[in-house]
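The structure appears right after this line, and notes come after that.
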Amino acid sequence: MLNMRNTTIALAGVIALLAWWHAPWYGYVLAVAGYTLPLAWGSYHIGSNFYIDVITKGPGGATGARAIALTFDDGPANQYTPEILDILKEKDAPAAFFCIGKNIPGRENLLRRIHDEGHLVGNHSYSHHFWFDLFSTRHMRADLRQMDAAVRAVTGLTPRLFRPPYGVTNPNLAKAIRKEGYTPIGWNVRSLDTVINDPVKLRKRIEKALRPGSIVLLHDTIDATLVMLPQLIDGARAAGYAITRLDKMCNIAPYA
């Protein structure tokens, strides 16, 4: 299994062999360069479980149903979150919202509505800083705790499910997740709604990728997502899928 531990062990073995063979200096450079390739791959592929085990799919439902979970990142947003909540309420479809803490001030009513209407609130960091993946573990932990505090002030609950900003993982973040006791959440259906502007193309892409246990990554900050969401829900149900809340589908605790 390709992960950080095994890759590091392999590097140590290669270096030992190079030393035994009295290899030239560039042999060591090539070994280290080769070592960085799986590290980069593991960082940017959230389902690789390279640094830490991440939940990217469910079993399809405890009762054997063809269950899928809808998840929304980056809110709450004044422009789209209310309309998305209206659709989810009309369709009786639960979802998980991985919110950014800095978006909560002034939108506490939206966060409260997400919770009150039966949806799950997850931690997507407080800052969602562009350089978040370069933060120290200590800085990351402070950021995630700040997000928890923002949610707790509004709902009284402390999120335990965490989705990394940009889906990037690394050793510092893995350590922060373990120390804070989060359950890391990824996805296995990436909608690409941040780059696909055509609602029909977006919906068809998602529908084609759906499987029992799918965790669908969406954003409650995108117009195309809002437009195609009713048809996506109806189409998934017509195909035999049950829209199930993430924590119930995966049998995990959403709050501390």
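Just so we're on the same page: first chain in the structure tokens is A, next is B, and so on; residues restart at 1 for each chain, and ligands are numbered from 1 in the order they show up.
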
Quick one: DSSP strand (DSSP E or B) residues in region 75-238 of chain A, as a compact mmCIF listing (two decimals) with C-alpha atoms, in the first residue's frame?
# COMPACT_ATOMS: atom_id res chain seq x y z
CA ALA A 95 -27.12 17.28 3.09
CA ALA A 96 -23.84 18.14 4.76
CA PHE A 97 -22.47 21.69 4.63
CA PHE A 98 -18.74 22.06 5.18
CA CYS A 99 -18.64 25.71 6.09
CA LEU A 120 -25.09 18.54 9.00
CA VAL A 121 -22.51 21.27 9.66
CA GLY A 122 -18.88 20.30 9.10
CA ASN A 123 -15.56 22.09 9.54
CA PRO A 159 -18.18 19.70 14.47
CA LEU A 161 -16.20 16.06 10.55
CA PHE A 162 -13.51 17.98 8.69
CA THR A 183 -12.87 12.52 11.12
CA PRO A 184 -11.53 13.63 7.73
CA ILE A 185 -14.04 13.60 4.88
CA VAL A 189 -17.72 12.28 -7.02
CA ARG A 190 -16.11 15.63 -7.71
CA SER A 214 -21.15 8.10 -3.38
CA ILE A 215 -20.14 11.27 -1.56
CA VAL A 216 -20.82 14.13 -3.97
CA LEU A 217 -18.75 17.32 -3.72
CA LEU A 218 -20.73 20.47 -4.53
CA HIS A 219 -20.52 24.14 -3.52

Exercise. Which polymer residues have any atom within 8 Å of an atom of Ile196 (chain A), counting only C-alpha atoms, with same-chain residues fewer than 5 positions away left out, as an MDAnalysis selection string?
Worked result: chainID A and resid 201:202 224

For this session: Return the single residue from A:Ile177, A:Ala23, A:Ala238, A:Thr81 that is closest to Ile52 (chain A), with distances computed using only C-alpha atoms.
Result: A:Ile177

Exercise. Can you tell me, as a PyMOL selection string, what residues are no more than 6 Å from Ser43 (chain A) when counting only C-alpha atoms, ignoring any on the same chain fewer than 2 positions away?
Worked result: chain A and resi 40-41+45+168-170

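Coordinates place CA of Gln79 (chain A) at a distance of 7.3 Å from CA of Thr221 (chain A).
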
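Taking only C-alpha atoms, the non-local environment of Asn172 (chain A) within 10 Å (same-chain residues fewer than 3 positions away omitted) comprises Tyr51, Asp133, Leu134, Phe135, Ser136, Thr137, Arg138, His139, Met140, Arg141, Thr169, Lys175, Ala176 and Ile177 of chain A.
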
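Here CA of His128 (chain A) is placed at a distance of 19.6 Å from CA of Ser191 (chain A).
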
In region 118-232 of chain A, what's alpha helix (DSSP H) per DSSP? Answer as an mmCIF file with C-alpha atoms, in the first residue's frame?
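Produced file part-v1.cif, reproduced below:
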data_model
loop_
_atom_site.group_PDB
_atom_site.id
_atom_site.type_symbol
_atom_site.label_atom_id
_atom_site.label_comp_id
_atom_site.auth_asym_id
_atom_site.auth_seq_id
_atom_site.Cartn_x
_atom_site.Cartn_y
_atom_site.Cartn_z
ATOM 1 C CA THR A 137 0.397 22.020 12.664
ATOM 2 C CA ARG A 138 -0.044 24.494 15.519
ATOM 3 C CA HIS A 139 -1.418 27.153 13.155
ATOM 4 C CA MET A 140 -3.760 24.635 11.542
ATOM 5 C CA ARG A 141 -5.105 23.493 14.905
ATOM 6 C CA ALA A 142 -5.784 27.090 15.946
ATOM 7 C CA ASP A 143 -7.609 27.737 12.668
ATOM 8 C CA LEU A 144 -9.790 24.628 13.008
ATOM 9 C CA ARG A 145 -10.582 25.408 16.645
ATOM 10 C CA GLN A 146 -11.649 28.915 15.631
ATOM 11 C CA MET A 147 -14.074 27.402 13.150
ATOM 12 C CA ASP A 148 -15.431 25.042 15.808
ATOM 13 C CA ALA A 149 -15.985 27.974 18.157
ATOM 14 C CA ALA A 150 -17.894 29.898 15.471
ATOM 15 C CA VAL A 151 -20.240 26.955 14.880
ATOM 16 C CA ARG A 152 -20.640 26.266 18.592
ATOM 17 C CA ALA A 153 -21.604 29.905 19.264
ATOM 18 C CA VAL A 154 -24.531 29.588 16.855
ATOM 19 C CA THR A 155 -25.667 25.966 17.173
ATOM 20 C CA PRO A 171 1.935 15.537 7.353
ATOM 21 C CA ASN A 172 1.158 18.747 9.278
ATOM 22 C CA LEU A 173 -2.551 18.495 8.562
ATOM 23 C CA ALA A 174 -2.630 14.782 9.344
ATOM 24 C CA LYS A 175 -1.102 15.545 12.736
ATOM 25 C CA ALA A 176 -3.593 18.368 13.363
ATOM 26 C CA ILE A 177 -6.530 16.104 12.462
ATOM 27 C CA ARG A 178 -5.343 13.372 14.829
ATOM 28 C CA LYS A 179 -4.590 15.725 17.705
ATOM 29 C CA GLU A 180 -7.967 17.460 17.443
ATOM 30 C CA PRO A 199 -25.984 23.239 -15.449
ATOM 31 C CA VAL A 200 -26.903 20.406 -17.834
ATOM 32 C CA LYS A 201 -23.293 19.310 -18.348
ATOM 33 C CA LEU A 202 -22.714 19.557 -14.613
ATOM 34 C CA ARG A 203 -25.712 17.376 -13.761
ATOM 35 C CA LYS A 204 -24.847 14.773 -16.396
ATOM 36 C CA ARG A 205 -21.261 14.566 -15.139
ATOM 37 C CA ILE A 206 -22.478 13.860 -11.609
ATOM 38 C CA GLU A 207 -25.174 11.395 -12.649
ATOM 39 C CA LYS A 208 -22.677 9.418 -14.717
ATOM 40 C CA ALA A 209 -20.346 9.066 -11.704
ATOM 41 C CA ASP A 223 -25.066 29.381 -9.797
ATOM 42 C CA ALA A 224 -24.911 26.223 -11.948
ATOM 43 C CA THR A 225 -25.218 24.067 -8.839
ATOM 44 C CA LEU A 226 -28.329 25.919 -7.752
ATOM 45 C CA VAL A 227 -29.920 25.598 -11.203
ATOM 46 C CA MET A 228 -29.324 21.873 -11.682
ATOM 47 C CA LEU A 229 -29.867 20.709 -8.076
ATOM 48 C CA PRO A 230 -33.616 19.890 -8.338
ATOM 49 C CA GLN A 231 -33.061 17.773 -11.441
ATOM 50 C CA LEU A 232 -30.057 16.061 -9.870
#

For this session: Kindly indicate which residue among A:Tyr28, A:Trp187, A:Tyr182, A:Tyr241 lies nearest to Pro254 (chain A), using only C-alpha atoms for the distances.
Result: A:Tyr182

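Residues within 12 Å of Asp116 (chain A), counting only C-alpha atoms and excluding same-chain residues fewer than 5 positions away, are Leu85, Lys89, Pro94, Glu108, Asn109, Leu110, Leu111, Val121, Val154, Thr155, Gly156 and Leu157 of chain A.
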
Any chance you can output those residues with N, CA and C atoms as a compact mmCIF listing (two decimals), in the first residue's frame?
# COMPACT_ATOMS: atom_id res chain seq x y z
N LEU A 85 -31.01 25.73 0.24
CA LEU A 85 -31.76 25.20 1.38
C LEU A 85 -33.24 25.07 1.04
N LYS A 89 -35.21 21.54 1.18
CA LYS A 89 -36.41 21.40 2.01
C LYS A 89 -37.58 20.91 1.18
N PRO A 94 -31.65 15.60 2.78
CA PRO A 94 -30.65 16.08 3.74
C PRO A 94 -29.29 16.20 3.10
N GLU A 108 -25.11 34.27 10.56
CA GLU A 108 -25.45 33.30 11.61
C GLU A 108 -26.83 32.69 11.38
N ASN A 109 -27.75 33.49 10.82
CA ASN A 109 -29.09 32.97 10.55
C ASN A 109 -29.06 31.83 9.54
N LEU A 110 -28.16 31.91 8.58
CA LEU A 110 -28.05 30.84 7.59
C LEU A 110 -27.47 29.57 8.21
N LEU A 111 -26.46 29.73 9.03
CA LEU A 111 -25.88 28.57 9.69
C LEU A 111 -26.91 27.91 10.59
N VAL A 121 -23.51 20.21 9.79
CA VAL A 121 -22.51 21.27 9.66
C VAL A 121 -21.13 20.68 9.93
N VAL A 154 -23.23 29.47 17.51
CA VAL A 154 -24.53 29.59 16.86
C VAL A 154 -25.42 28.38 17.13
N THR A 155 -24.85 27.19 17.08
CA THR A 155 -25.67 25.97 17.17
C THR A 155 -25.52 25.23 18.49
N GLY A 156 -24.48 25.55 19.25
CA GLY A 156 -24.21 24.83 20.48
C GLY A 156 -23.51 23.50 20.25
N LEU A 157 -23.13 23.22 19.01
CA LEU A 157 -22.50 21.95 18.65
C LEU A 157 -21.08 22.17 18.13

Problem set entry | Neighbour list for Thr7 (chain A) as JSON, numbers by chain, cut-off 12 Å, only C-alpha atoms, skip fewer than 5 positions in-chain | {"A": [1, 2, 12, 13, 14, 31, 32, 34, 35, 36, 37, 38, 39, 40, 41, 42, 50, 51]}

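The space separating CA of Arg211 (chain A) from CA of Pro76 (chain A) comes to 27.7 Å.
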
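When only C-alpha atoms are used to compute distances to Val195 (chain A), the closest of the residues A:Ala16, A:Ala239, A:Val54, A:Ile222 turns out to be A:Ile222.
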